[in-house]
Amino acid sequence: MTPILSVEQLRVIFERRSGAHVAVDRISFAMNPGEVVALVGESGSGKTATALAIMGLLPDGGHIGPGSAVRLDGQDLLAMPERKLRDLRGRRIAMVFQEPAAALNPVMRVGDQVAEVAIVHHTDDRRGARQRAMAMLERVGLPNAAALYDAYPHELSGGMRQRVMLAAALLLEPALVIADEPTSALDVTVQAQVLRLLLELQRESGTGVLLITHDLGVVAETCERAMVMQAGRIVESASVDDLFHAPKHEYTRELLEAMPRLRKRA
Ligand SMILES: Nc1ncnc2c1ncn2[C@@H]1O[C@H](COP(=O)(O)OP(=O)(O)OP(=O)(O)O)[C@@H](O)[C@H]1O
Ligand SMILES: [Mg+2]
């Protein structure tokens, strides 16, 4: 099977005033079509940097080191002109950002932002895109989607904004969705609902999901396989069963041990 995503020797460097900082240090992994894989690891370990590098959306000051390769459907994204990348983004690969407030356009109605995905990819005319967006907003469980369609991002709660982002990412049923902490701003019941939706879509349209999360409980419930990141490296990659029952790396053991303690504190 050709992997939907293959990442080879990916290196991400941020230029800081204090010097160059290697956020992702030559990581390699592949995902099969329709696979749900978790990327876990402590804060600052390089999870978001990995996601943004794959999407071609690193912020200013961040760049990908030589010798890296990122292939989607076998095509090298790093060698691709921006115009072609833009065509893939939203249609074949989409991302749910960790910070929905930063990713949404503050002066555009949220429904139109979702519909825009279909319009730029010419999959629907304006009316069709509006209908498709409305249906997806309902599907992600946005209460009263019809009324909220015309709202601006600042008029929504953090959880609602996260669902709008999810709707935009899932709209065209891409082959791969990278979801960066997609449930962190949501309360527990809504979290479960959003994850169920992601998995429903994965089953129905064969969408692969790279799920970035701190929450090992979420990993246990949703993923087949998990990769553990620490200081820019993947230190362990295993089936979720193996990882939970026989963690090999000291850091994975620490993460697992920290889990019930965090739960109790919460
Ligand atoms: N725009 C930036 N400029 C400079 N350094 C950055 C930038 N973004 C991230 N970094 C650095 O890169 C490293 C990895 O950051 P990243 O955001 O990928 O962490 P993360 O694993 O997603 O953490 P979290 O779980 O808190 O979201 C960190 O050391 C961070 O300080
Ligand atoms: Mg992050």
# chains A, B, ... in the order shown; residues from 1 in each chain; ligands from 1
call {"tool": "select_by_dssp", "arguments": {"residues": "range 11-260 of chain A", "states": "strand (DSSP E)", "output": "PyMOL selection string"}}
result
chain A and resi 11-16+19-31+36-41+62-64+69-72+75-76+93-96+176-180+208-212+225-230+233-239
call {"tool": "residues_near_ligand", "arguments": {"ligand": "ligand 1", "cutoff": "7 Å", "atoms": "only C-alpha atoms and all ligand atoms", "output": "list in words"}}
result
Phe14, Glu15, Arg16, His21, Ala23, Gly41, Glu42, Ser43, Gly44, Ser45, Gly46, Lys47, Thr48, Ala49, Thr50, Pro59, Asp60, Gly61, Gly62 and His214 of chain A
call {"tool": "write_last_selection", "arguments": {"atoms": "N, CA and C atoms", "output": "PDB file, in the first residue's frame"}}
result
ATOM      1  N   PHE A  14      13.892  26.997  13.860  1.00  0.00           N
ATOM      2  CA  PHE A  14      13.422  28.365  14.064  1.00  0.00           C
ATOM      3  C   PHE A  14      14.623  29.256  14.329  1.00  0.00           C
ATOM      4  N   GLU A  15      14.670  30.359  13.599  1.00  0.00           N
ATOM      5  CA  GLU A  15      15.718  31.343  13.857  1.00  0.00           C
ATOM      6  C   GLU A  15      15.231  32.244  14.981  1.00  0.00           C
ATOM      7  N   ARG A  16      15.948  32.205  16.080  1.00  0.00           N
ATOM      8  CA  ARG A  16      15.578  33.098  17.177  1.00  0.00           C
ATOM      9  C   ARG A  16      16.697  34.082  17.420  1.00  0.00           C
ATOM     10  N   HIS A  21      17.169  27.359  16.539  1.00  0.00           N
ATOM     11  CA  HIS A  21      16.612  26.370  17.452  1.00  0.00           C
ATOM     12  C   HIS A  21      16.014  25.224  16.623  1.00  0.00           C
ATOM     13  N   ALA A  23      13.551  22.598  16.257  1.00  0.00           N
ATOM     14  CA  ALA A  23      12.290  22.204  16.907  1.00  0.00           C
ATOM     15  C   ALA A  23      11.924  20.771  16.549  1.00  0.00           C
ATOM     16  N   GLY A  41       3.225  14.019  23.218  1.00  0.00           N
ATOM     17  CA  GLY A  41       4.503  14.505  23.726  1.00  0.00           C
ATOM     18  C   GLY A  41       4.300  15.778  24.507  1.00  0.00           C
ATOM     19  N   GLU A  42       5.256  16.086  25.335  1.00  0.00           N
ATOM     20  CA  GLU A  42       5.109  17.237  26.231  1.00  0.00           C
ATOM     21  C   GLU A  42       5.095  18.552  25.443  1.00  0.00           C
ATOM     22  N   SER A  43       4.699  19.589  26.124  1.00  0.00           N
ATOM     23  CA  SER A  43       4.655  20.914  25.522  1.00  0.00           C
ATOM     24  C   SER A  43       6.044  21.299  25.025  1.00  0.00           C
ATOM     25  N   GLY A  44       6.101  21.818  23.793  1.00  0.00           N
ATOM     26  CA  GLY A  44       7.375  22.252  23.235  1.00  0.00           C
ATOM     27  C   GLY A  44       8.182  21.154  22.577  1.00  0.00           C
ATOM     28  N   SER A  45       7.619  19.936  22.488  1.00  0.00           N
ATOM     29  CA  SER A  45       8.390  18.826  21.923  1.00  0.00           C
ATOM     30  C   SER A  45       8.440  18.857  20.395  1.00  0.00           C
ATOM     31  N   GLY A  46       7.619  19.729  19.762  1.00  0.00           N
ATOM     32  CA  GLY A  46       7.718  19.880  18.310  1.00  0.00           C
ATOM     33  C   GLY A  46       6.522  19.350  17.531  1.00  0.00           C
ATOM     34  N   LYS A  47       5.422  19.091  18.207  1.00  0.00           N
ATOM     35  CA  LYS A  47       4.249  18.520  17.547  1.00  0.00           C
ATOM     36  C   LYS A  47       3.628  19.504  16.539  1.00  0.00           C
ATOM     37  N   THR A  48       3.368  20.713  16.996  1.00  0.00           N
ATOM     38  CA  THR A  48       2.765  21.700  16.089  1.00  0.00           C
ATOM     39  C   THR A  48       3.732  22.066  14.970  1.00  0.00           C
ATOM     40  N   ALA A  49       4.999  22.174  15.290  1.00  0.00           N
ATOM     41  CA  ALA A  49       5.996  22.486  14.258  1.00  0.00           C
ATOM     42  C   ALA A  49       5.988  21.403  13.176  1.00  0.00           C
ATOM     43  N   THR A  50       5.851  20.142  13.579  1.00  0.00           N
ATOM     44  CA  THR A  50       5.767  19.045  12.619  1.00  0.00           C
ATOM     45  C   THR A  50       4.557  19.226  11.713  1.00  0.00           C
ATOM     46  N   PRO A  59       5.484  29.520  10.341  1.00  0.00           N
ATOM     47  CA  PRO A  59       5.502  30.987  10.421  1.00  0.00           C
ATOM     48  C   PRO A  59       6.868  31.535  10.015  1.00  0.00           C
ATOM     49  N   ASP A  60       6.915  32.862   9.830  1.00  0.00           N
ATOM     50  CA  ASP A  60       8.189  33.513   9.524  1.00  0.00           C
ATOM     51  C   ASP A  60       9.209  33.135  10.586  1.00  0.00           C
ATOM     52  N   GLY A  61      10.437  32.933  10.151  1.00  0.00           N
ATOM     53  CA  GLY A  61      11.480  32.562  11.105  1.00  0.00           C
ATOM     54  C   GLY A  61      11.629  31.060  11.223  1.00  0.00           C
ATOM     55  N   GLY A  62      10.661  30.315  10.701  1.00  0.00           N
ATOM     56  CA  GLY A  62      10.760  28.858  10.730  1.00  0.00           C
ATOM     57  C   GLY A  62      11.055  28.327   9.341  1.00  0.00           C
ATOM     58  N   HIS A 214      -2.347  15.930  24.024  1.00  0.00           N
ATOM     59  CA  HIS A 214      -1.638  15.663  25.277  1.00  0.00           C
ATOM     60  C   HIS A 214      -2.319  14.530  26.026  1.00  0.00           C
TER      61      HIS A 214
END
call {"tool": "residues_around", "arguments": {"residues": "Arg71 in chain A", "least_positions_apart": "5", "cutoff": "9 Å", "atoms": "only C-alpha atoms", "output": "list in words"}}
result
Pro3, Ile4, Leu5, Ser6, Val7, Glu8, Ile54, Asp76, Leu77 and Leu78 of chain A
call {"tool": "closest_atom_pairs", "arguments": {"of": "range 60-169 of chain A", "to": "range 199-211 of chain A", "cutoff": "12 Å", "atoms": "only C-alpha atoms", "output": "tab-separated table"}}
result
residue	atom	partner	partner_atom	distance
A:Leu72	CA	A:Gly208	CA	11.6
A:Asp73	CA	A:Gly208	CA	12.0
A:Arg91	CA	A:Thr207	CA	11.4
A:Arg92	CA	A:Thr207	CA	9.3
A:Ile93	CA	A:Gly208	CA	9.3
A:Ala94	CA	A:Val209	CA	9.8
A:Met95	CA	A:Leu210	CA	9.3
A:Val96	CA	A:Leu211	CA	9.6
A:Phe97	CA	A:Leu211	CA	11.2
A:Gln98	CA	A:Leu211	CA	11.2
A:Met136	CA	A:Leu201	CA	11.3
A:Arg139	CA	A:Leu201	CA	10.5
A:Val140	CA	A:Leu201	CA	10.8
A:Leu166	CA	A:Leu201	CA	11.5
A:Ala167	CA	A:Leu201	CA	11.4
A:Ala169	CA	A:Thr207	CA	11.2
call {"tool": "atom_distance", "arguments": {"atom1": "CA of Phe29 in chain A", "atom2": "CA of Ser239 in chain A"}}
result
13.5 Å
call {"tool": "residues_around", "arguments": {"residues": "Val240 in chain A", "least_positions_apart": "2", "cutoff": "9 Å", "atoms": "only C-alpha atoms", "output": "PDB file with C-alpha atoms, in the first residue's frame"}}
result
ATOM      1  CA  ALA A  38      -1.594   9.874  17.514  1.00  0.00           C
ATOM      2  CA  VAL A 219      -5.307   8.271  22.338  1.00  0.00           C
ATOM      3  CA  ALA A 220      -6.453   5.040  23.947  1.00  0.00           C
ATOM      4  CA  CYS A 223      -6.007   5.650  17.786  1.00  0.00           C
ATOM      5  CA  GLU A 224      -4.491   2.453  16.465  1.00  0.00           C
ATOM      6  CA  ARG A 225      -0.932   3.649  16.694  1.00  0.00           C
ATOM      7  CA  ALA A 226       0.911   6.372  18.537  1.00  0.00           C
ATOM      8  CA  SER A 237       6.302   4.517  17.859  1.00  0.00           C
ATOM      9  CA  ALA A 238       4.044   1.565  18.551  1.00  0.00           C
ATOM     10  CA  ASP A 242       1.851  -2.062  23.075  1.00  0.00           C
ATOM     11  CA  LEU A 243       2.478   1.488  24.132  1.00  0.00           C
ATOM     12  CA  PHE A 244       0.071   1.290  27.060  1.00  0.00           C
ATOM     13  CA  HIS A 245       0.998  -2.190  28.197  1.00  0.00           C
TER      14      HIS A 245
END
call {"tool": "closest_residue", "arguments": {"among": "A:Ala101, A:Met31, A:Ala133, A:Val190", "to": "Gly158 in chain A", "atoms": "only C-alpha atoms"}}
result
A:Ala101
call {"tool": "closest_residue", "arguments": {"among": "A:Gly65, A:Pro153, A:Gly111, A:Pro182", "to": "ligand 2", "atoms": "only C-alpha atoms and all ligand atoms"}}
result
A:Pro182
call {"tool": "closest_residue", "arguments": {"among": "A:Glu236, A:Glu99, A:Asp187, A:Asp25", "to": "ligand 2", "atoms": "only C-alpha atoms and all ligand atoms"}}
result
A:Glu99
call {"tool": "select_by_dssp", "arguments": {"residues": "range 21-241 of chain A", "states": "helix (DSSP H, G or I)", "output": "NGL selection string"}}
result
:A and (47-55 or 77-79 or 82-88 or 100-103 or 110-120 or 126-139 or 145-148 or 153-155 or 158-170 or 188-205 or 216-222 or 240-241)
call {"tool": "atom_distance", "arguments": {"atom1": "CA of Leu216 in chain A", "atom2": "CA of Ala51 in chain A"}}
result
18.8 Å
call {"tool": "decode", "arguments": {"residues": "range 38-74 of chain A", "atoms": "N, CA and C atoms", "output": "mmCIF file, in the first residue's frame"}}
result
data_model
loop_
_atom_site.group_PDB
_atom_site.id
_atom_site.type_symbol
_atom_site.label_atom_id
_atom_site.label_comp_id
_atom_site.auth_asym_id
_atom_site.auth_seq_id
_atom_site.Cartn_x
_atom_site.Cartn_y
_atom_site.Cartn_z
ATOM 1 N N ALA A 38 -1.758 8.800 16.543
ATOM 2 C CA ALA A 38 -1.594 9.874 17.514
ATOM 3 C C ALA A 38 -0.150 10.359 17.534
ATOM 4 N N LEU A 39 0.010 11.651 17.725
ATOM 5 C CA LEU A 39 1.326 12.224 17.976
ATOM 6 C C LEU A 39 1.232 12.872 19.349
ATOM 7 N N VAL A 40 1.919 12.277 20.321
ATOM 8 C CA VAL A 40 1.840 12.799 21.679
ATOM 9 C C VAL A 40 3.217 13.278 22.133
ATOM 10 N N GLY A 41 3.225 14.019 23.218
ATOM 11 C CA GLY A 41 4.503 14.505 23.726
ATOM 12 C C GLY A 41 4.300 15.778 24.507
ATOM 13 N N GLU A 42 5.256 16.086 25.335
ATOM 14 C CA GLU A 42 5.109 17.237 26.231
ATOM 15 C C GLU A 42 5.095 18.552 25.443
ATOM 16 N N SER A 43 4.699 19.589 26.124
ATOM 17 C CA SER A 43 4.655 20.914 25.522
ATOM 18 C C SER A 43 6.044 21.299 25.025
ATOM 19 N N GLY A 44 6.101 21.818 23.793
ATOM 20 C CA GLY A 44 7.375 22.252 23.235
ATOM 21 C C GLY A 44 8.182 21.154 22.577
ATOM 22 N N SER A 45 7.619 19.936 22.488
ATOM 23 C CA SER A 45 8.390 18.826 21.923
ATOM 24 C C SER A 45 8.440 18.857 20.395
ATOM 25 N N GLY A 46 7.619 19.729 19.762
ATOM 26 C CA GLY A 46 7.718 19.880 18.310
ATOM 27 C C GLY A 46 6.522 19.350 17.531
ATOM 28 N N LYS A 47 5.422 19.091 18.207
ATOM 29 C CA LYS A 47 4.249 18.520 17.547
ATOM 30 C C LYS A 47 3.628 19.504 16.539
ATOM 31 N N THR A 48 3.368 20.713 16.996
ATOM 32 C CA THR A 48 2.765 21.700 16.089
ATOM 33 C C THR A 48 3.732 22.066 14.970
ATOM 34 N N ALA A 49 4.999 22.174 15.290
ATOM 35 C CA ALA A 49 5.996 22.486 14.258
ATOM 36 C C ALA A 49 5.988 21.403 13.176
ATOM 37 N N THR A 50 5.851 20.142 13.579
ATOM 38 C CA THR A 50 5.767 19.045 12.619
ATOM 39 C C THR A 50 4.557 19.226 11.713
ATOM 40 N N ALA A 51 3.395 19.514 12.334
ATOM 41 C CA ALA A 51 2.159 19.667 11.571
ATOM 42 C C ALA A 51 2.268 20.830 10.585
ATOM 43 N N LEU A 52 2.761 21.959 11.059
ATOM 44 C CA LEU A 52 2.846 23.140 10.200
ATOM 45 C C LEU A 52 3.832 22.920 9.058
ATOM 46 N N ALA A 53 4.905 22.180 9.331
ATOM 47 C CA ALA A 53 5.886 21.891 8.279
ATOM 48 C C ALA A 53 5.253 21.015 7.193
ATOM 49 N N ILE A 54 4.469 20.027 7.603
ATOM 50 C CA ILE A 54 3.801 19.152 6.628
ATOM 51 C C ILE A 54 2.841 19.968 5.763
ATOM 52 N N MET A 55 2.128 20.904 6.401
ATOM 53 C CA MET A 55 1.147 21.722 5.678
ATOM 54 C C MET A 55 1.802 22.822 4.843
ATOM 55 N N GLY A 56 3.083 23.060 5.040
ATOM 56 C CA GLY A 56 3.736 24.173 4.353
ATOM 57 C C GLY A 56 3.314 25.505 4.935
ATOM 58 N N LEU A 57 3.029 25.525 6.234
ATOM 59 C CA LEU A 57 2.500 26.738 6.860
ATOM 60 C C LEU A 57 3.337 27.208 8.048
ATOM 61 N N LEU A 58 4.630 26.943 8.009
ATOM 62 C CA LEU A 58 5.491 27.414 9.101
ATOM 63 C C LEU A 58 5.473 28.939 9.146
ATOM 64 N N PRO A 59 5.484 29.520 10.341
ATOM 65 C CA PRO A 59 5.502 30.987 10.421
ATOM 66 C C PRO A 59 6.868 31.535 10.015
ATOM 67 N N ASP A 60 6.915 32.862 9.830
ATOM 68 C CA ASP A 60 8.189 33.513 9.524
ATOM 69 C C ASP A 60 9.209 33.135 10.586
ATOM 70 N N GLY A 61 10.437 32.933 10.151
ATOM 71 C CA GLY A 61 11.480 32.562 11.105
ATOM 72 C C GLY A 61 11.629 31.060 11.223
ATOM 73 N N GLY A 62 10.661 30.315 10.701
ATOM 74 C CA GLY A 62 10.760 28.858 10.730
ATOM 75 C C GLY A 62 11.055 28.327 9.341
ATOM 76 N N HIS A 63 11.944 27.357 9.236
ATOM 77 C CA HIS A 63 12.168 26.750 7.925
ATOM 78 C C HIS A 63 12.517 25.269 8.054
ATOM 79 N N ILE A 64 12.428 24.596 6.925
ATOM 80 C CA ILE A 64 12.680 23.161 6.893
ATOM 81 C C ILE A 64 14.119 22.926 6.451
ATOM 82 N N GLY A 65 14.805 22.049 7.158
ATOM 83 C CA GLY A 65 16.215 21.805 6.873
ATOM 84 C C GLY A 65 16.418 20.971 5.623
ATOM 85 N N PRO A 66 17.607 21.049 5.023
ATOM 86 C CA PRO A 66 17.900 20.265 3.829
ATOM 87 C C PRO A 66 17.864 18.768 4.140
ATOM 88 N N GLY A 67 17.511 17.974 3.126
ATOM 89 C CA GLY A 67 17.468 16.529 3.316
ATOM 90 C C GLY A 67 16.126 16.031 3.822
ATOM 91 N N SER A 68 15.180 16.970 4.085
ATOM 92 C CA SER A 68 13.849 16.570 4.544
ATOM 93 C C SER A 68 12.972 16.245 3.343
ATOM 94 N N ALA A 69 12.034 15.323 3.526
ATOM 95 C CA ALA A 69 11.021 15.067 2.492
ATOM 96 C C ALA A 69 9.670 14.851 3.155
ATOM 97 N N VAL A 70 8.628 15.393 2.521
ATOM 98 C CA VAL A 70 7.253 15.172 2.976
ATOM 99 C C VAL A 70 6.451 14.798 1.736
ATOM 100 N N ARG A 71 5.942 13.592 1.701
ATOM 101 C CA ARG A 71 5.180 13.166 0.525
ATOM 102 C C ARG A 71 3.729 12.896 0.875
ATOM 103 N N LEU A 72 2.851 13.471 0.040
ATOM 104 C CA LEU A 72 1.423 13.201 0.161
ATOM 105 C C LEU A 72 1.012 12.512 -1.133
ATOM 106 N N ASP A 73 0.359 11.360 -1.029
ATOM 107 C CA ASP A 73 0.036 10.575 -2.232
ATOM 108 C C ASP A 73 1.294 10.381 -3.086
ATOM 109 N N GLY A 74 2.436 10.262 -2.480
ATOM 110 C CA GLY A 74 3.681 10.056 -3.226
ATOM 111 C C GLY A 74 4.294 11.313 -3.815
#
